[in-house]
Amino acid sequence: MFVKFYQSICISALLVYSIGSVNAEPLNSQSLIQEDREPEAATGIIEKKAVKTKTYMVAAANPYASKIGNNILAQGGSAIDAAIAVQLALTLVEPQSSGIGGGAFILHWDNNNNKLTTFDGRETAPGLATSGLFLDEKGKAIPWIKAVVGGRSVGVPGVLASLHKAHQQYGKLPWQALFKDAINLAERGFTVSPRLAKLVEMQYNPGITELPNIRRYLFPNGRAIKAGDKLRNPKLGKVYRSLAKEGIKPFYQGWIAEKIVSAVQNSSIAPGLLSLNDMKNYQAIEREPVCGPYRFYKVCGMAPPSSGGIAVIQIMAQLEPFQLHKRELEDVQTSHLYTQSSRLAFADRNRYIADSDFVDVPVSGLLSKEYLAQRSKLINIHQDMGPAQPGEPVGSVALADDLALELPSTSHISIVDDQGNAVSMTTSIEMAFGSAVMVEGFILNNQLTDFSLSPKVNGKLVANRLEPLKRPRSSMAPMMVFEGEKLKLVVGSPGGSRIINYVTQTILAILDWQLDPQQAINLPKITNRNKVTTLEKNTSILKLKSGLEAKGHNIVVRDLNSGIHAIEVRNSGLIGGADPRREGKVMGK
């Protein structure tokens with residue numbers, strides 16, 4: 001049953017996107033207007049197959065980054081060592097998606113001690129920020145395009161602090177050693193990928209042509225960079241040399257911090273409120289993971305301010321009574337059930353999830369077995385329920401629904417080292433090219449737009465409203481799945497609020513239909529964020545359109561540009577997959 005289905009979708013699902021060659025140069029080479037618009041697909045694709053290794057593995061969003069992470073693992077480095085090196089590389093070669101000017105959520109599995117730890121490297125709002133930061137003189141939320149570009153939208157970057165904190169506990173190689181490859185690549189140059197070139201050409205973020213530093217970098221001599229160009233970034237190399245030598249202190253308390261604050265406060269577009277005090281006082285936070293059962297597995301993710309972990313667990317738990325593993329994978333009824341459970345989870349997410357250091361988030365209530373069983377019973381197997389209403393979990397208070405933007409430019413890293421330790425890390429600067437404020441070769445985030453632009457709706461406060469020093473809610477969903485006490489799966493994706501759907505669909509495909517990670521990632525995508533049901537353009541899933549419409553679904557067909565990276569741990573070794581819709585690569589030994 002499944003084999004026939006899978007053979008039928010491989011060709012159609014993999015004809016969707018052109019991401020460019022996965023062959024990177026050697027490391028020492030000289031040579032919106034829409035809510036979450038992604039670049040349109042080009043023609044052709046390099047079909048990706050599952051990678052199998054015995055010892056260690058890294059799956060990251062760019063071949064340069066994967067090669068650098070693999071190099072660290074080959075030297076005996078830990079999973080967190082490799083994650084640091086990968087992030088440094090991605091800052092350079094995939095600047096549209098993540099970087100040291102942004103934030104991250106990190107899950108770390110300590111295999112020797114059977115311990116799962118999570119690190120919150122989410123950005124924080126400046127101490128002088130108020131809930132009216134994105135309101136006009138009439139108290140109305142400003143248009144999104146005016147919110148995202150410039151210094152006003154920049155939060156305190158947290159990714160370096162979180163990686164440094166994790167390295168202090170789980171690093172094996174010296175901190176300085178992790179910077180070597182990225183420094184060489186920044187100073188000698190890298191080959192511009194088709195995806196990076198396409199996003200520059202699109203000018204999706206208007207700030208890249210309006211703010212001078214980033215314009216000079218991406219449009220040298222007035223011409224947009226092209227795929228195949230050699231691009232050097234000596235300023236970033238200088239930053240990395242400083243961080244390698246002195247740790248993260250220059251970034252949060254020294255010359256780099258001064259550059260960041262000056263750039264934000266003096267931005268020619270929407271100057272911001274970030275201060276040296278904000279930088280100095282930033283702290284990455286170690287939080288307890290959120291976990292829930294699914295059949296005989298345990299599914300774990302990031303706690304608030306991420307909504308991803310809770311939402312993924314809720315969707316799966318609400319589906320468990322329907323025994324998906326006994327159903328067809330590509331089937332109208334299966335897809336219908338999935339979208340209905342997603343509606344319920346997104347309704348709760350938009351009402352209750354925010355920074356738990358500022359808001360009482362009813363985490364236990366949202367994940368309780370009794371509550372999820374009640375929510376599951378709301379699913380009508382015959383008819384689309386329409387916009388779901390949030391439930392009333394134990395511990396909840398009356399709040400308004402959120403209106404945050406949550407744009408889709410992000411990156412995910414999955415790593416397993418030779419000791420069985422693992423990292424699932426989702427990292428972001430928010431919109432493509434973030435705020436477009438560029439400082440010393442890296443781009444600053446615009447994550448403050450992940451707060452609800454309006455602090456109140458119909459007179460009720462929004463949980464995810466902007467407050468001083470608060471962390472904005474996120475949909476990032478780095479996840480791990482366990483079978484008994486053993487790690488089974490490391491997975492995550494970019495994609496804005498659709499991350500929740502991309503990750504859940506992938507996990508279900510692996511657990512319920514025994515697909516390998518690459519097969520699961522290749523599947524045509526379907527999403528529902530408690531709005532419309534969206535089907536991936538130019539794929540076999542479109543054959544379900546009429547059947548879903550017969551159940552009352554409002555269908556939208558569009559590109560669904562996920563970027564999933566997953567590693568499955570089996571007795572025979574590791575199996576990894578990278579999304580064919582982007583330019584990621586799996587490497588290992």
# chains A, B, ... in the order shown; residues from 1 in each chain; ligands from 1
>>> residues_around(residues="A:Pro234", least_positions_apart="5", cutoff="8 Å", atoms="only C-alpha atoms", output="ChimeraX atom specification")
/A:186-187,441
>>> write_last_selection(atoms="C-alpha atoms", output="mmCIF file, in the first residue's frame")
data_model
loop_
_atom_site.group_PDB
_atom_site.id
_atom_site.type_symbol
_atom_site.label_atom_id
_atom_site.label_comp_id
_atom_site.auth_asym_id
_atom_site.auth_seq_id
_atom_site.Cartn_x
_atom_site.Cartn_y
_atom_site.Cartn_z
ATOM 1 C CA ALA A 186 34.744 34.664 5.339
ATOM 2 C CA GLU A 187 38.167 36.016 4.445
ATOM 3 C CA GLY A 441 29.361 41.769 8.185
#
>>> select_by_dssp(residues="stretch 209-398 of chain A", states="alpha helix (DSSP H)", output="ChimeraX atom specification")
/A:209-210,212-218,234-246,249-253,255-265,276-281,308-319,332-352,363-367,369-376
>>> closest_residue(among="A:Asp278, A:Asp417, A:Glu583, A:Asp136", to="A:Leu453", atoms="only C-alpha atoms")
A:Asp136
>>> residues_around(residues="stretch 235-238 of chain A", least_positions_apart="5", cutoff="10 Å", atoms="only C-alpha atoms", output="list in words")
Leu88, Thr91, Leu92, Phe179, Lys180, Ala182, Ile183, Asn184, Leu185, Ala186, Glu187, Arg188, Leu243, Ala244, Val439, Glu440, Gly441 and Phe442 of chain A
>>> write_last_selection(atoms="N, CA and C atoms", output="mmCIF file, in the first residue's frame")
data_model
loop_
_atom_site.group_PDB
_atom_site.id
_atom_site.type_symbol
_atom_site.label_atom_id
_atom_site.label_comp_id
_atom_site.auth_asym_id
_atom_site.auth_seq_id
_atom_site.Cartn_x
_atom_site.Cartn_y
_atom_site.Cartn_z
ATOM 1 N N LEU A 88 28.119 29.529 12.658
ATOM 2 C CA LEU A 88 29.068 30.530 12.179
ATOM 3 C C LEU A 88 29.123 30.536 10.656
ATOM 4 N N THR A 91 25.805 32.016 9.121
ATOM 5 C CA THR A 91 25.790 33.479 9.203
ATOM 6 C C THR A 91 26.392 34.087 7.949
ATOM 7 N N LEU A 92 27.390 33.428 7.408
ATOM 8 C CA LEU A 92 28.093 33.906 6.218
ATOM 9 C C LEU A 92 27.375 33.514 4.935
ATOM 10 N N PHE A 179 36.000 28.259 15.300
ATOM 11 C CA PHE A 179 35.888 29.421 14.433
ATOM 12 C C PHE A 179 36.788 29.345 13.203
ATOM 13 N N LYS A 180 37.732 28.432 13.199
ATOM 14 C CA LYS A 180 38.780 28.441 12.178
ATOM 15 C C LYS A 180 38.233 28.363 10.756
ATOM 16 N N ALA A 182 35.192 28.909 9.570
ATOM 17 C CA ALA A 182 34.334 30.040 9.204
ATOM 18 C C ALA A 182 35.158 31.295 8.944
ATOM 19 N N ILE A 183 36.215 31.480 9.701
ATOM 20 C CA ILE A 183 37.103 32.628 9.466
ATOM 21 C C ILE A 183 37.735 32.526 8.081
ATOM 22 N N ASN A 184 38.251 31.357 7.763
ATOM 23 C CA ASN A 184 38.863 31.154 6.443
ATOM 24 C C ASN A 184 37.861 31.405 5.317
ATOM 25 N N LEU A 185 36.649 30.920 5.496
ATOM 26 C CA LEU A 185 35.629 31.069 4.464
ATOM 27 C C LEU A 185 35.225 32.528 4.298
ATOM 28 N N ALA A 186 35.120 33.250 5.408
ATOM 29 C CA ALA A 186 34.744 34.664 5.339
ATOM 30 C C ALA A 186 35.827 35.489 4.647
ATOM 31 N N GLU A 187 37.066 35.196 4.962
ATOM 32 C CA GLU A 187 38.167 36.016 4.445
ATOM 33 C C GLU A 187 38.561 35.644 3.022
ATOM 34 N N ARG A 188 38.448 34.377 2.661
ATOM 35 C CA ARG A 188 38.843 33.945 1.313
ATOM 36 C C ARG A 188 37.681 33.968 0.335
ATOM 37 N N LEU A 243 35.808 37.046 18.572
ATOM 38 C CA LEU A 243 35.014 36.119 19.386
ATOM 39 C C LEU A 243 35.780 34.846 19.709
ATOM 40 N N ALA A 244 36.589 34.383 18.757
ATOM 41 C CA ALA A 244 37.383 33.180 18.992
ATOM 42 C C ALA A 244 38.393 33.406 20.112
ATOM 43 N N VAL A 439 25.731 44.925 10.498
ATOM 44 C CA VAL A 439 26.776 45.413 11.395
ATOM 45 C C VAL A 439 28.009 44.539 11.253
ATOM 46 N N GLU A 440 29.109 45.099 10.830
ATOM 47 C CA GLU A 440 30.372 44.368 10.770
ATOM 48 C C GLU A 440 30.226 43.008 10.081
ATOM 49 N N GLY A 441 29.447 42.977 8.997
ATOM 50 C CA GLY A 441 29.361 41.769 8.185
ATOM 51 C C GLY A 441 28.262 40.798 8.547
ATOM 52 N N PHE A 442 27.444 41.087 9.558
ATOM 53 C CA PHE A 442 26.304 40.227 9.877
ATOM 54 C C PHE A 442 25.044 41.071 10.014
#
>>> residues_around(residues="A:Lys230", least_positions_apart="2", cutoff="8 Å", atoms="only C-alpha atoms", output="PDB file with N, CA and C atoms, in the first residue's frame")
ATOM      1  N   SER A  31      39.135  30.385  -5.218  1.00  0.00           N
ATOM      2  CA  SER A  31      38.242  30.781  -6.269  1.00  0.00           C
ATOM      3  C   SER A  31      37.147  31.879  -5.827  1.00  0.00           C
ATOM      4  N   GLY A 189      36.472  33.888   0.867  1.00  0.00           N
ATOM      5  CA  GLY A 189      35.297  33.991   0.012  1.00  0.00           C
ATOM      6  C   GLY A 189      34.583  32.672  -0.190  1.00  0.00           C
ATOM      7  N   PHE A 190      33.291  32.761  -0.469  1.00  0.00           N
ATOM      8  CA  PHE A 190      32.468  31.589  -0.742  1.00  0.00           C
ATOM      9  C   PHE A 190      31.696  31.840  -2.027  1.00  0.00           C
ATOM     10  N   THR A 191      31.217  30.764  -2.630  1.00  0.00           N
ATOM     11  CA  THR A 191      30.445  30.873  -3.861  1.00  0.00           C
ATOM     12  C   THR A 191      28.975  31.092  -3.521  1.00  0.00           C
ATOM     13  N   VAL A 192      28.403  32.160  -4.040  1.00  0.00           N
ATOM     14  CA  VAL A 192      27.010  32.507  -3.780  1.00  0.00           C
ATOM     15  C   VAL A 192      26.092  31.420  -4.334  1.00  0.00           C
ATOM     16  N   GLY A 228      27.072  31.778  -8.182  1.00  0.00           N
ATOM     17  CA  GLY A 228      28.403  31.500  -8.720  1.00  0.00           C
ATOM     18  C   GLY A 228      29.417  32.583  -8.432  1.00  0.00           C
ATOM     19  N   ARG A 232      33.286  37.766  -0.533  1.00  0.00           N
ATOM     20  CA  ARG A 232      34.139  37.814   0.656  1.00  0.00           C
ATOM     21  C   ARG A 232      33.476  38.682   1.717  1.00  0.00           C
TER      22      ARG A 232
END
>>> atom_distance(atom1="atom CA of A:Gln253", atom2="atom CA of A:Asn281")
8.9 Å
>>> residues_around(residues="A:Ile84", least_positions_apart="5", cutoff="9 Å", atoms="only C-alpha atoms", output="list of chain:residue names")
A:Gly69, A:Ala79, A:Ala89, A:Leu160, A:Leu163, A:His164, A:His167, A:Trp175, A:Leu178, A:Phe179
>>> residues_around(residues="stretch 569-573 of chain A", least_positions_apart="3", cutoff="9 Å", atoms="only C-alpha atoms", output="PDB file with C-alpha atoms, in the first residue's frame")
ATOM      1  CA  LYS A  52      23.362   6.466   5.925  1.00  0.00           C
ATOM      2  CA  THR A  53      26.335   6.541   8.281  1.00  0.00           C
ATOM      3  CA  LYS A  54      27.599   4.503  11.214  1.00  0.00           C
ATOM      4  CA  THR A  55      29.233   7.036  13.510  1.00  0.00           C
ATOM      5  CA  TYR A  56      28.106  10.677  13.263  1.00  0.00           C
ATOM      6  CA  VAL A 416      24.360  13.425  16.139  1.00  0.00           C
ATOM      7  CA  GLY A 420      25.268   9.517  20.441  1.00  0.00           C
ATOM      8  CA  LYS A 486      16.688   5.753  23.390  1.00  0.00           C
ATOM      9  CA  LEU A 487      16.849   8.685  21.015  1.00  0.00           C
ATOM     10  CA  LYS A 488      15.023   7.899  17.773  1.00  0.00           C
ATOM     11  CA  LEU A 489      14.665  11.145  15.811  1.00  0.00           C
ATOM     12  CA  VAL A 490      16.172  14.641  15.573  1.00  0.00           C
ATOM     13  CA  GLY A 576      19.559  11.502   7.491  1.00  0.00           C
TER      14      GLY A 576
END
>>> residues_around(residues="A:Tyr217", least_positions_apart="2", cutoff="10 Å", atoms="only C-alpha atoms", output="number ranges by chain")
A: 208, 212-215, 219-222, 224-225, 231-233, 438, 441
>>> select_by_dssp(residues="stretch 136-364 of chain A", states="strand (DSSP E)", output="NGL selection string")
:A and (190-191 or 230-231 or 285-287 or 290-294 or 297-301)
>>> closest_residue(among="A:Ser493, A:Ser414, A:Asn501, A:Asn458", to="A:Phe346", atoms="only C-alpha atoms")
A:Asn501
>>> decode(residues="stretch 268-299 of chain A", atoms="N, CA and C atoms", output="CSV table (one decimal), in the first residue's frame")
chain,number,residue,atom,x,y,z
A,268,SER,N,18.9,54.6,9.5
A,268,SER,CA,18.2,55.7,8.7
A,268,SER,C,16.8,55.4,8.5
A,269,ILE,N,16.4,54.1,8.8
A,269,ILE,CA,15.0,53.7,8.8
A,269,ILE,C,14.6,53.3,10.2
A,270,ALA,N,13.6,53.9,10.7
A,270,ALA,CA,13.0,53.5,12.0
A,270,ALA,C,14.1,53.2,13.1
A,271,PRO,N,14.8,54.2,13.6
A,271,PRO,CA,15.8,54.0,14.6
A,271,PRO,C,15.2,53.2,15.8
A,272,GLY,N,16.0,52.4,16.5
A,272,GLY,CA,15.5,51.6,17.5
A,272,GLY,C,15.9,52.0,18.9
A,273,LEU,N,15.6,51.2,19.9
A,273,LEU,CA,15.8,51.5,21.3
A,273,LEU,C,16.8,50.7,22.0
A,274,LEU,N,17.4,49.8,21.3
A,274,LEU,CA,18.4,48.9,21.9
A,274,LEU,C,19.5,49.7,22.5
A,275,SER,N,19.9,49.2,23.7
A,275,SER,CA,21.0,49.9,24.5
A,275,SER,C,22.1,49.0,24.8
A,276,LEU,N,23.3,49.6,25.2
A,276,LEU,CA,24.4,48.8,25.7
A,276,LEU,C,24.0,48.0,26.9
A,277,ASN,N,23.2,48.6,27.8
A,277,ASN,CA,22.7,47.9,29.0
A,277,ASN,C,21.9,46.6,28.6
A,278,ASP,N,21.1,46.7,27.5
A,278,ASP,CA,20.3,45.6,27.1
A,278,ASP,C,21.3,44.5,26.6
A,279,MET,N,22.3,44.8,25.9
A,279,MET,CA,23.3,43.8,25.4
A,279,MET,C,24.0,43.2,26.6
A,280,LYS,N,24.4,44.0,27.5
A,280,LYS,CA,25.2,43.5,28.6
A,280,LYS,C,24.4,42.5,29.5
A,281,ASN,N,23.1,42.8,29.7
A,281,ASN,CA,22.3,42.0,30.6
A,281,ASN,C,21.7,40.8,30.0
A,282,TYR,N,21.8,40.6,28.7
A,282,TYR,CA,21.2,39.4,28.1
A,282,TYR,C,21.7,38.1,28.7
A,283,GLN,N,20.8,37.2,28.9
A,283,GLN,CA,21.1,35.9,29.4
A,283,GLN,C,20.4,34.8,28.6
A,284,ALA,N,21.1,33.8,28.2
A,284,ALA,CA,20.4,32.6,27.6
A,284,ALA,C,19.9,31.8,28.8
A,285,ILE,N,18.8,31.2,28.6
A,285,ILE,CA,18.1,30.5,29.7
A,285,ILE,C,18.0,29.0,29.4
A,286,GLU,N,18.4,28.2,30.4
A,286,GLU,CA,18.2,26.7,30.3
A,286,GLU,C,16.8,26.4,30.8
A,287,ARG,N,15.9,25.8,30.0
A,287,ARG,CA,14.5,25.5,30.3
A,287,ARG,C,14.3,24.0,30.3
A,288,GLU,N,13.2,23.6,31.0
A,288,GLU,CA,12.8,22.3,31.0
A,288,GLU,C,12.1,22.0,29.6
A,289,PRO,N,12.4,20.9,29.0
A,289,PRO,CA,11.7,20.6,27.7
A,289,PRO,C,10.2,20.3,28.0
A,290,VAL,N,9.4,20.4,26.9
A,290,VAL,CA,8.0,19.9,27.0
A,290,VAL,C,8.0,18.6,26.3
A,291,CYS,N,7.3,17.6,26.9
A,291,CYS,CA,7.2,16.3,26.3
A,291,CYS,C,5.8,15.7,26.4
A,292,GLY,N,5.5,14.8,25.5
A,292,GLY,CA,4.2,14.2,25.5
A,292,GLY,C,4.3,12.8,24.9
A,293,PRO,N,3.4,11.9,25.2
A,293,PRO,CA,3.4,10.6,24.6
A,293,PRO,C,2.7,10.6,23.2
A,294,TYR,N,3.1,9.7,22.4
A,294,TYR,CA,2.4,9.4,21.1
A,294,TYR,C,2.6,7.9,20.9
A,295,ARG,N,1.5,7.1,21.0
A,295,ARG,CA,1.6,5.7,20.9
A,295,ARG,C,2.7,5.2,21.9
A,296,PHE,N,3.7,4.5,21.5
A,296,PHE,CA,4.7,4.1,22.4
A,296,PHE,C,6.0,4.9,22.4
A,297,TYR,N,5.9,6.2,21.8
A,297,TYR,CA,7.0,7.1,21.7
A,297,TYR,C,6.9,8.2,22.7
A,298,LYS,N,7.9,9.0,22.9
A,298,LYS,CA,7.9,10.2,23.7
A,298,LYS,C,8.4,11.3,22.8
A,299,VAL,N,7.6,12.4,22.6
A,299,VAL,CA,7.9,13.5,21.7
A,299,VAL,C,8.2,14.7,22.5
